[in-house]
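Data block for target_30.pdb (PDB, C-alpha atoms and all ligand atoms):
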```
ATOM      1  CA  GLY F   6      -3.202 -27.402 -54.563
ATOM      2  CA  GLY F   7      -6.265 -29.109 -55.935
ATOM      3  CA  SER F   8      -8.668 -26.370 -54.934
ATOM      4  CA  ASP F   9      -6.740 -23.750 -57.002
ATOM      5  CA  ASP F  10      -7.277 -25.873 -60.071
ATOM      6  CA  ASP F  11     -10.959 -26.067 -59.351
ATOM      7  CA  ASP F  12     -11.151 -22.281 -59.024
ATOM      8  CA  ASP F  13      -9.360 -21.806 -62.328
ATOM      9  CA  ALA F  14     -11.662 -24.236 -64.072
ATOM     10  CA  ALA F  15     -14.689 -22.425 -62.700
ATOM     11  CA  SER F  16     -13.538 -19.027 -63.940
ATOM     12  CA  ASP F  17     -12.674 -20.490 -67.363
ATOM     13  CA  ASN F  18     -16.228 -21.727 -67.622
ATOM     14  CA  ASP F  19     -17.523 -18.279 -66.718
ATOM     15  CA  SER F  20     -15.510 -16.657 -69.458
ATOM     16  CA  VAL F  21     -16.968 -18.875 -72.191
ATOM     17  CA  ALA F  22     -20.563 -18.480 -70.986
ATOM     18  CA  THR F  23     -22.925 -16.929 -73.526
ATOM     19  CA  PRO F  24     -23.111 -13.179 -72.900
ATOM     20  CA  VAL F  25     -26.536 -12.035 -71.747
ATOM     21  CA  GLN F  26     -27.648  -8.551 -72.686
ATOM     22  CA  HIS F  27     -28.311  -6.435 -69.654
ATOM     23  CA  PRO F  28     -31.861  -4.974 -69.722
ATOM     24  CA  ASP F  29     -30.454  -1.456 -69.173
ATOM     25  CA  ASP F  30     -28.502  -1.735 -72.419
ATOM     26  CA  VAL F  31     -31.651  -2.084 -74.542
ATOM     27  CA  GLY F  32     -32.499   1.159 -76.279
ATOM     28  CA  SER F  33     -29.694   3.181 -74.697
ATOM     29  CA  ASP F  34     -28.145   5.818 -76.951
ATOM     30  CA  ARG F  35     -25.058   4.990 -78.969
ATOM     31  CA  GLU F  36     -22.699   7.401 -77.321
ATOM     32  CA  SER F  37     -23.082   5.926 -73.851
ATOM     33  CA  ASP F  38     -22.784   2.445 -75.343
ATOM     34  CA  ILE F  39     -19.386   3.368 -76.690
ATOM     35  CA  GLU F  40     -18.394   4.965 -73.429
ATOM     36  CA  SER F  41     -19.344   1.921 -71.374
ATOM     37  CA  GLU F  42     -17.526  -0.322 -73.838
ATOM     38  CA  VAL F  43     -14.386   1.726 -73.357
ATOM     39  CA  ASP F  44     -14.827   1.579 -69.579
ATOM     40  CA  GLU F  45     -15.332  -2.143 -69.688
ATOM     41  CA  GLU F  46     -12.303  -2.569 -71.912
ATOM     42  CA  GLU F  47     -10.256  -0.513 -69.454
ATOM     43  CA  ALA F  48     -11.617  -2.540 -66.522
ATOM     44  CA  GLU F  49     -10.724  -5.773 -68.312
ATOM     45  CA  LYS F  50      -7.209  -4.501 -68.981
ATOM     46  CA  ARG F  51      -6.785  -3.594 -65.334
ATOM     47  CA  LYS F  52      -8.058  -6.989 -64.285
ATOM     48  CA  ALA F  53      -5.541  -8.660 -66.586
ATOM     49  CA  PHE F  54      -2.676  -6.453 -65.380
ATOM     50  CA  PHE F  55      -3.123  -6.821 -61.633
ATOM     51  CA  ALA F  56      -2.951 -10.189 -59.952
ATOM     52  CA  PRO F  57      -5.896 -10.951 -57.673
ATOM     53  CA  GLU F  58      -5.216 -10.284 -54.000
ATOM     54  CA  GLU F  59      -7.473 -13.008 -52.712
ATOM     55  CA  ASN F  60      -5.718 -15.853 -54.474
ATOM     56  CA  ALA F  61      -5.229 -19.255 -52.912
ATOM     57  CA  ASP F  62      -1.603 -18.517 -52.026
ATOM     58  CA  ASN F  63      -2.659 -15.624 -49.865
ATOM     59  CA  LYS F  64      -5.163 -17.406 -47.645
ATOM     60  CA  ILE F  65      -2.605 -17.384 -44.826
ATOM     61  CA  ALA F  66      -3.063 -13.611 -44.465
ATOM     62  CA  THR F  67      -6.020 -13.496 -42.134
ATOM     63  CA  ALA F  68      -7.194 -10.521 -40.101
ATOM     64  CA  ASN F  69      -5.440 -11.658 -36.936
ATOM     65  CA  SER F  70      -2.415 -13.538 -38.231
ATOM     66  CA  SER F  71       0.753 -13.034 -36.219
ATOM     67  CA  PHE F  72       4.422 -12.877 -37.258
ATOM     68  CA  GLN F  73       4.682 -16.558 -36.236
ATOM     69  CA  ASP F  74       2.119 -17.477 -38.908
ATOM     70  CA  PHE F  75       4.431 -16.351 -41.734
ATOM     71  CA  ASN F  76       7.001 -19.133 -41.258
ATOM     72  CA  LEU F  77       9.783 -16.609 -40.699
ATOM     73  CA  SER F  78      13.182 -17.901 -39.704
ATOM     74  CA  ARG F  79      14.510 -17.548 -36.173
ATOM     75  CA  PRO F  80      16.913 -14.623 -36.760
ATOM     76  CA  ILE F  81      14.056 -12.571 -38.198
ATOM     77  CA  LEU F  82      11.679 -13.425 -35.333
ATOM     78  CA  ARG F  83      14.422 -12.458 -32.883
ATOM     79  CA  GLY F  84      14.961  -9.193 -34.779
ATOM     80  CA  LEU F  85      11.244  -8.410 -34.575
ATOM     81  CA  ALA F  86      11.364  -9.030 -30.827
ATOM     82  CA  ALA F  87      14.434  -6.774 -30.556
ATOM     83  CA  VAL F  88      12.591  -3.823 -32.152
ATOM     84  CA  GLY F  89       9.469  -4.556 -30.099
ATOM     85  CA  PHE F  90       7.153  -5.534 -32.955
ATOM     86  CA  THR F  91       4.818  -8.102 -31.402
ATOM     87  CA  ASP F  92       1.851  -8.057 -33.797
ATOM     88  CA  PRO F  93       1.974  -7.133 -37.477
ATOM     89  CA  THR F  94       0.230  -3.930 -38.586
ATOM     90  CA  PRO F  95      -2.483  -4.299 -41.282
ATOM     91  CA  ILE F  96      -0.092  -3.543 -44.168
ATOM     92  CA  GLN F  97       2.490  -5.957 -42.733
ATOM     93  CA  ARG F  98      -0.202  -8.638 -42.443
ATOM     94  CA  LYS F  99      -1.145  -8.248 -46.076
ATOM     95  CA  ALA F 100       2.244  -7.597 -47.632
ATOM     96  CA  ILE F 101       4.559 -10.061 -45.875
ATOM     97  CA  PRO F 102       3.007 -13.345 -47.125
ATOM     98  CA  VAL F 103       2.652 -12.018 -50.686
ATOM     99  CA  ALA F 104       6.181 -10.578 -50.758
ATOM    100  CA  LEU F 105       7.602 -13.845 -49.416
ATOM    101  CA  LEU F 106       6.236 -15.523 -52.553
ATOM    102  CA  GLY F 107       8.339 -13.166 -54.665
ATOM    103  CA  LYS F 108       5.335 -11.405 -56.164
ATOM    104  CA  ASP F 109       5.246  -7.756 -57.184
ATOM    105  CA  ILE F 110       3.224  -5.582 -54.844
ATOM    106  CA  VAL F 111       1.397  -2.283 -55.058
ATOM    107  CA  GLY F 112       0.548  -1.164 -51.534
ATOM    108  CA  SER F 113      -1.709   1.764 -50.710
ATOM    109  CA  ALA F 114      -0.528   2.770 -47.280
ATOM    110  CA  VAL F 115       0.252   6.042 -45.569
ATOM    111  CA  THR F 116       3.281   7.143 -43.568
ATOM    112  CA  GLY F 117       3.296   5.528 -40.144
ATOM    113  CA  SER F 118       1.394   2.397 -41.186
ATOM    114  CA  GLY F 119       4.445   0.174 -40.768
ATOM    115  CA  LYS F 120       5.500  -0.044 -44.422
ATOM    116  CA  THR F 121       9.168  -0.401 -43.501
ATOM    117  CA  GLY F 122       8.541  -3.660 -41.683
ATOM    118  CA  ALA F 123       6.172  -4.759 -44.450
ATOM    119  CA  PHE F 124       8.992  -4.817 -46.998
ATOM    120  CA  ILE F 125      12.117  -5.296 -44.830
ATOM    121  CA  VAL F 126      10.906  -8.507 -43.165
ATOM    122  CA  PRO F 127      10.280 -10.414 -46.429
ATOM    123  CA  ILE F 128      13.455  -8.926 -47.941
ATOM    124  CA  LEU F 129      15.589 -10.235 -45.077
ATOM    125  CA  GLU F 130      13.880 -13.600 -45.229
ATOM    126  CA  ARG F 131      14.492 -13.891 -48.970
ATOM    127  CA  LEU F 132      18.133 -12.846 -48.604
ATOM    128  CA  LEU F 133      18.699 -15.474 -45.905
ATOM    129  CA  PHE F 134      16.855 -18.133 -47.823
ATOM    130  CA  ARG F 135      18.982 -17.717 -50.951
ATOM    131  CA  PRO F 136      22.459 -16.729 -49.730
ATOM    132  CA  ARG F 137      25.259 -15.633 -52.110
ATOM    133  CA  LYS F 138      28.846 -16.845 -51.853
ATOM    134  CA  THR F 139      30.390 -13.491 -52.728
ATOM    135  CA  PRO F 140      29.177 -10.071 -51.569
ATOM    136  CA  THR F 141      26.556  -8.802 -54.024
ATOM    137  CA  SER F 142      24.198  -5.839 -53.865
ATOM    138  CA  ARG F 143      20.812  -7.494 -54.152
ATOM    139  CA  VAL F 144      18.216  -4.982 -52.948
ATOM    140  CA  ALA F 145      17.588  -1.285 -53.623
ATOM    141  CA  ILE F 146      15.076   0.700 -51.565
ATOM    142  CA  LEU F 147      14.219   4.189 -52.813
ATOM    143  CA  MET F 148      12.600   6.840 -50.606
ATOM    144  CA  PRO F 149      11.714  10.471 -51.235
ATOM    145  CA  THR F 150      13.819  12.103 -48.497
ATOM    146  CA  ARG F 151      17.068  11.736 -46.649
ATOM    147  CA  GLU F 152      15.172  11.623 -43.329
ATOM    148  CA  LEU F 153      12.953   8.736 -44.439
ATOM    149  CA  ALA F 154      15.954   6.853 -45.822
ATOM    150  CA  VAL F 155      17.889   7.256 -42.577
ATOM    151  CA  GLN F 156      14.834   6.155 -40.566
ATOM    152  CA  CYS F 157      14.377   3.086 -42.776
ATOM    153  CA  TYR F 158      18.098   2.293 -42.498
ATOM    154  CA  ASN F 159      17.949   2.392 -38.690
ATOM    155  CA  VAL F 160      14.918   0.078 -38.479
ATOM    156  CA  ALA F 161      16.353  -2.284 -41.115
ATOM    157  CA  VAL F 162      19.719  -2.597 -39.363
ATOM    158  CA  LYS F 163      17.994  -3.333 -36.057
ATOM    159  CA  LEU F 164      15.663  -5.925 -37.570
ATOM    160  CA  ALA F 165      18.715  -7.570 -39.149
ATOM    161  CA  THR F 166      20.668  -7.737 -35.863
ATOM    162  CA  TYR F 167      20.729 -11.551 -35.872
ATOM    163  CA  THR F 168      21.611 -11.870 -39.568
ATOM    164  CA  ASP F 169      24.764 -10.952 -41.490
ATOM    165  CA  VAL F 170      22.863  -8.865 -44.036
ATOM    166  CA  THR F 171      24.708  -5.605 -44.787
ATOM    167  CA  PHE F 172      23.215  -2.187 -45.569
ATOM    168  CA  CYS F 173      24.298   1.178 -46.903
ATOM    169  CA  GLN F 174      22.677   4.598 -47.296
ATOM    170  CA  LEU F 175      23.009   6.655 -50.454
ATOM    171  CA  VAL F 176      21.695  10.059 -49.457
ATOM    172  CA  GLY F 177      22.726  13.673 -49.687
ATOM    173  CA  GLY F 178      25.220  14.899 -47.115
ATOM    174  CA  PHE F 179      27.856  12.217 -47.699
ATOM    175  CA  SER F 180      30.457  12.687 -50.414
ATOM    176  CA  LEU F 181      29.944  10.743 -53.633
ATOM    177  CA  ARG F 182      33.494   9.388 -53.391
ATOM    178  CA  GLU F 183      32.905   8.107 -49.865
ATOM    179  CA  GLN F 184      29.674   6.420 -50.959
ATOM    180  CA  GLU F 185      31.385   4.911 -53.979
ATOM    181  CA  ASN F 186      33.840   3.192 -51.641
ATOM    182  CA  VAL F 187      30.956   1.830 -49.588
ATOM    183  CA  LEU F 188      29.247   0.550 -52.745
ATOM    184  CA  LYS F 189      32.458  -1.239 -53.761
ATOM    185  CA  LYS F 190      32.026  -3.486 -50.740
ATOM    186  CA  ARG F 191      28.738  -4.640 -52.290
ATOM    187  CA  PRO F 192      26.324  -4.179 -49.379
ATOM    188  CA  ASP F 193      23.312  -6.486 -49.705
ATOM    189  CA  VAL F 194      20.780  -3.686 -49.303
ATOM    190  CA  ILE F 195      21.092  -0.128 -50.634
ATOM    191  CA  ILE F 196      18.736   2.450 -49.117
ATOM    192  CA  ALA F 197      18.733   5.605 -51.209
ATOM    193  CA  THR F 198      17.012   8.723 -52.433
ATOM    194  CA  PRO F 199      16.311   8.557 -56.189
ATOM    195  CA  GLY F 200      18.658  11.449 -57.060
ATOM    196  CA  ARG F 201      21.666   9.920 -55.326
ATOM    197  CA  PHE F 202      20.888   6.444 -56.604
ATOM    198  CA  ILE F 203      20.760   7.546 -60.226
ATOM    199  CA  ASP F 204      23.878   9.631 -59.765
ATOM    200  CA  HIS F 205      25.787   6.463 -58.823
ATOM    201  CA  MET F 206      24.003   4.379 -61.444
ATOM    202  CA  ARG F 207      25.130   6.774 -64.164
ATOM    203  CA  ASN F 208      28.541   7.847 -62.895
ATOM    204  CA  SER F 209      30.128   5.306 -60.528
ATOM    205  CA  PRO F 210      32.154   2.965 -62.741
ATOM    206  CA  SER F 211      32.255   0.185 -60.151
ATOM    207  CA  PHE F 212      28.528   0.270 -59.345
ATOM    208  CA  THR F 213      26.302  -2.069 -61.293
ATOM    209  CA  VAL F 214      22.568  -2.595 -60.874
ATOM    210  CA  ASP F 215      22.758  -5.915 -62.758
ATOM    211  CA  THR F 216      22.794  -7.977 -59.560
ATOM    212  CA  LEU F 217      19.736  -6.331 -57.987
ATOM    213  CA  GLU F 218      16.941  -8.821 -57.289
ATOM    214  CA  ILE F 219      14.474  -6.684 -55.350
ATOM    215  CA  LEU F 220      13.467  -3.049 -55.822
ATOM    216  CA  VAL F 221      11.283  -1.082 -53.396
ATOM    217  CA  LEU F 222       9.771   2.294 -54.251
ATOM    218  CA  ASP F 223       8.480   3.757 -50.992
ATOM    219  CA  GLU F 224       6.155   6.785 -51.056
ATOM    220  CA  ALA F 225       6.170   6.685 -54.849
ATOM    221  CA  ASP F 226       3.643   9.522 -55.085
ATOM    222  CA  ARG F 227       5.984  11.858 -53.203
ATOM    223  CA  MET F 228       8.988  10.928 -55.339
ATOM    224  CA  LEU F 229       6.897  11.729 -58.446
ATOM    225  CA  GLU F 230       5.687  15.020 -56.917
ATOM    226  CA  ASP F 231       9.319  15.912 -56.283
ATOM    227  CA  GLY F 232       9.969  15.621 -60.027
ATOM    228  CA  PHE F 233      11.732  12.254 -60.164
ATOM    229  CA  ALA F 234       9.490  10.647 -62.820
ATOM    230  CA  ASP F 235      12.270  10.441 -65.427
ATOM    231  CA  GLU F 236      14.790   9.095 -62.916
ATOM    232  CA  LEU F 237      12.352   6.450 -61.649
ATOM    233  CA  ASN F 238      11.548   5.381 -65.196
ATOM    234  CA  GLU F 239      15.241   5.085 -65.978
ATOM    235  CA  ILE F 240      15.842   3.044 -62.813
ATOM    236  CA  LEU F 241      12.862   0.760 -63.549
ATOM    237  CA  THR F 242      14.052   0.094 -67.082
ATOM    238  CA  THR F 243      17.733  -0.412 -66.155
ATOM    239  CA  ILE F 244      17.490  -2.872 -63.224
ATOM    240  CA  PRO F 245      17.020  -6.449 -64.555
ATOM    241  CA  LYS F 246      13.402  -7.314 -65.372
ATOM    242  CA  SER F 247      13.624 -10.572 -63.429
ATOM    243  CA  ARG F 248      13.513  -8.589 -60.178
ATOM    244  CA  GLN F 249      10.718  -8.396 -57.616
ATOM    245  CA  THR F 250       9.292  -4.883 -57.323
ATOM    246  CA  MET F 251       7.289  -3.463 -54.410
ATOM    247  CA  LEU F 252       5.718  -0.033 -54.736
ATOM    248  CA  PHE F 253       4.041   1.818 -51.891
ATOM    249  CA  SER F 254       2.054   5.006 -52.229
ATOM    250  CA  ALA F 255      -0.412   6.898 -50.037
ATOM    251  CA  THR F 256      -2.309   8.095 -53.123
ATOM    252  CA  MET F 257      -2.866   6.301 -56.420
ATOM    253  CA  THR F 258      -2.671   9.040 -59.041
ATOM    254  CA  ASP F 259      -2.430   8.631 -62.829
ATOM    255  CA  THR F 260       1.320   9.213 -62.681
ATOM    256  CA  VAL F 261       1.717   6.505 -60.035
ATOM    257  CA  ASP F 262      -0.382   4.218 -62.236
ATOM    258  CA  LYS F 263       1.862   4.950 -65.216
ATOM    259  CA  LEU F 264       4.931   4.098 -63.173
ATOM    260  CA  ILE F 265       3.322   0.823 -62.042
ATOM    261  CA  ARG F 266       2.660  -0.122 -65.664
ATOM    262  CA  VAL F 267       6.247   0.628 -66.648
ATOM    263  CA  GLY F 268       7.922  -1.154 -63.798
ATOM    264  CA  LEU F 269       5.790  -3.869 -62.228
ATOM    265  CA  ASN F 270       4.827  -7.323 -63.377
ATOM    266  CA  ARG F 271       1.277  -8.443 -62.552
ATOM    267  CA  PRO F 272       1.446  -6.844 -59.106
ATOM    268  CA  VAL F 273      -0.856  -7.802 -56.256
ATOM    269  CA  ARG F 274      -2.729  -4.695 -55.130
ATOM    270  CA  LEU F 275      -2.951  -4.332 -51.349
ATOM    271  CA  MET F 276      -5.135  -1.724 -49.672
ATOM    272  CA  VAL F 277      -5.158  -0.788 -46.027
ATOM    273  CA  ASP F 278      -7.029   1.994 -44.267
ATOM    274  CA  ALA F 279      -4.318   2.985 -41.812
TER     275      ALA F 279
HETATM  276  P1  LIG F 301       5.982   3.847 -42.443
HETATM  277  O1  LIG F 301       7.174   3.246 -43.088
HETATM  278  O2  LIG F 301       4.683   3.300 -42.938
HETATM  279  O3  LIG F 301       6.008   5.325 -42.378
HETATM  280  P2  LIG F 301       7.109   2.814 -40.107
HETATM  281  O4  LIG F 301       7.514   1.533 -40.665
HETATM  282  O5  LIG F 301       8.141   3.865 -39.914
HETATM  283  O6  LIG F 301       5.920   3.411 -40.946
HETATM  284  O7  LIG F 301       6.370   2.537 -38.726
HETATM  285  C1  LIG F 301       5.758   3.569 -37.999
HETATM  286  C2  LIG F 301       5.984   3.357 -36.521
HETATM  287  O8  LIG F 301       5.337   2.163 -36.086
HETATM  288  C3  LIG F 301       7.440   3.201 -36.173
HETATM  289  O9  LIG F 301       7.670   3.870 -34.957
HETATM  290  C4  LIG F 301       7.617   1.718 -36.003
HETATM  291  O10 LIG F 301       8.640   1.421 -35.086
HETATM  292  C5  LIG F 301       6.273   1.277 -35.496
HETATM  293  N1  LIG F 301       5.890  -0.084 -35.924
HETATM  294  C6  LIG F 301       5.939  -0.593 -37.170
HETATM  295  N2  LIG F 301       5.523  -1.867 -37.214
HETATM  296  C7  LIG F 301       5.197  -2.206 -35.942
HETATM  297  C8  LIG F 301       4.703  -3.400 -35.315
HETATM  298  N3  LIG F 301       4.445  -4.499 -36.012
HETATM  299  N4  LIG F 301       4.497  -3.385 -33.975
HETATM  300  C9  LIG F 301       4.741  -2.270 -33.261
HETATM  301  N5  LIG F 301       5.215  -1.117 -33.786
HETATM  302  C10 LIG F 301       5.431  -1.061 -35.100
END
```
Is it possible to express this structure as structure tokens?
Ligand code: ADP
Amino acid sequence: GGSDDDDDAASDNDSVATPVQHPDDVGSDRESDIESEVDEEEAEKRKAFFAPEENADNKIATANSSFQDFNLSRPILRGLAAVGFTDPTPIQRKAIPVALLGKDIVGSAVTGSGKTGAFIVPILERLLFRPRKTPTSRVAILMPTRELAVQCYNVAVKLATYTDVTFCQLVGGFSLREQENVLKKRPDVIIATPGRFIDHMRNSPSFTVDTLEILVLDEADRMLEDGFADELNEILTTIPKSRQTMLFSATMTDTVDKLIRVGLNRPVRLMVDA
């Protein structure tokens, strides 16, 4: 809208303003000058890499917005009612409107904060909004453990009760052959642990990641701690770049940051306390 343009113009003007020397800089020793320059350079790079959270598009995410405020379609609202979600949790409030716009997301949120709903709701909405004529695997969700994947699968299936979206689980405990047959049916959403996912990506001749449109990395810090850095990098560089990527992590370590830089495109950073 018109006000976005005004905002842009204002920040452009700021960036061409004559730099004013800060009084603290006068007479400071050279070494700390260099250090602060490096810090500033790093801060600028970060600013350029991450998209601002409080952009005009995101004004709909207010502190007390409800699921009804997100313009979700009826089957999704019915699904939310079926699982008993009446009000969005803080991470759901922040993530759903941004994810619906197709933007990449980095979410700092702990286990139990409602992350599953935060990414499943916009995923379902996007799948319904742009249906495919033939069955195609369109979404991959990676989680550190079998238990978390199964839990996510159960919530996702329930939320999707009033849709025809299909799901599968790729986790340890099922035979690879069995899972390959499931993958051949091209379920819309694949919920997997990184080890199993990469196993199929490398070895199942009929499985292709070329059709994937959305990738979720849930509890990315734990997957990295479990030694899956190489696998995650391979996955991030193999799935088509045109995808939407959502990464959630309780902690933001250097290795998580590295992964974000490899695999995400101007993500919106979302922080919640609980
Ligand atoms: P996470 O993925 O962050 O670990 P979950 O998505 O599993 O968290 O949610 C944690 C718990 O909160 C689950 O029992 C889930 O059913 C419940 N929950 C999630 N979102 C809502 C909501 N909007 N309203 C009520 N309960 C919710």
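Proximity to ligand LIG 301 (chain F) was assessed for F:Asp215, F:Asp278, F:Asp169, F:Asp223 counting only C-alpha atoms and all ligand atoms; the smallest distance is recorded for F:Asp223.
Taking CA of Leu252 in chain F as the reference point, CA of Leu222 in chain F is found at 4.7 Å.
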Run the PyMOL selection byres (((not hetatm)) within 6 of (chain F and resi 301)) mentally over the shown coordinates, then write out the matched residues as a list in words, using the chain letters and numbers from the document. Phe90, Thr91, Asp92, Pro93, Thr94, Val115, Thr116, Gly117, Ser118, Gly119, Lys120, Thr121 and Gly122 of chain F
Picked residues, the PyMOL selection byres (((chain F and resi 224) around 7) and not hetatm), expected as a PyMOL selection string: chain F and resi 148-149+222-223+225-228+253-255
Radius query 10 Å about (-3.6, 1.3, -61.0), atoms used: all atoms listed in the file, as a ChimeraX atom specification: /F:51-52,54-55,111,257-266,272,274
Surrounding residues of Ser78 in chain F excluding itself and chain neighbours under 6 positions, 10 Å, only C-alpha atoms, as a PyMOL selection string: chain F and resi 129-130+133-134
Explicit residues for the PyMOL selection byres (((chain F and resi 205) around 10) and not hetatm) (as number ranges by chain): F: 175, 181-182, 184-185, 188, 200-204, 206-214
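Distance check against Ala86 in chain F using all atoms listed in the file: of F:Glu45, F:Ala123, F:Thr166, F:Tyr158, the minimum falls on F:Thr166.
Residue nearest Leu77 in chain F, chosen from F:Lys50, F:Ile101, F:Gly232, F:Pro199 and counting all atoms listed in the file: F:Ile101.
Taking CA of Ala145 in chain F and CA of Gln73 in chain F as endpoints, the distance between them is 26.5 Å.
Straight-line separation from CA of Lys163 in chain F to CA of Val88 in chain F: 6.7 Å.
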Which polymer residues, protein or nucleic acid, are no farther than 6 Å from (9.0, -4.0, -57.1), counting only C-alpha atoms, as a VMD selection string? chain F and resid 109 220 to 221 249 to 252
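Closest approach to Gly84 in chain F among F:Leu275, F:Val187, F:Ala197, F:Val160: F:Val160, based on all atoms listed in the file.
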As a short mmCIF file (atom, residue, chain, number, x, y, z; two decimals) with C-alpha atoms, in the frame of the given file, please: the residues near Ile128 in chain F (cut-off 9 Å, only C-alpha atoms, same-chain neighbours under 2 positions excluded).
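Now in part_8.cif:
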```cif
data_model
loop_
_atom_site.label_atom_id
_atom_site.label_comp_id
_atom_site.auth_asym_id
_atom_site.auth_seq_id
_atom_site.Cartn_x
_atom_site.Cartn_y
_atom_site.Cartn_z
CA ALA F 104 6.18 -10.58 -50.76
CA LEU F 105 7.60 -13.84 -49.42
CA PHE F 124 8.99 -4.82 -47.00
CA ILE F 125 12.12 -5.30 -44.83
CA VAL F 126 10.91 -8.51 -43.16
CA GLU F 130 13.88 -13.60 -45.23
CA ARG F 131 14.49 -13.89 -48.97
CA LEU F 132 18.13 -12.85 -48.60
CA LEU F 133 18.70 -15.47 -45.90
CA VAL F 144 18.22 -4.98 -52.95
CA ILE F 219 14.47 -6.68 -55.35
#
```
Centre, edges in Å (one decimal): axis-aligned box, range 118-122 of chain F, 6 Å padding on all six sides, as lines of an AutoDock Vina configuration file:
```
center_x = 5.3
center_y = -0.6
center_z = -42.6
size_x = 19.8
size_y = 18.1
size_z = 15.7
```
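Of the listed residues (F:Arg98, F:Arg143, F:Arg135, F:Lys190), F:Arg143 comes nearest to Pro245 in chain F; the distances count only C-alpha atoms.
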Closest of F:Leu85, F:Gly268, F:Arg151, F:Glu230 to Thr242 in chain F, counting all atoms listed in the file, is F:Gly268
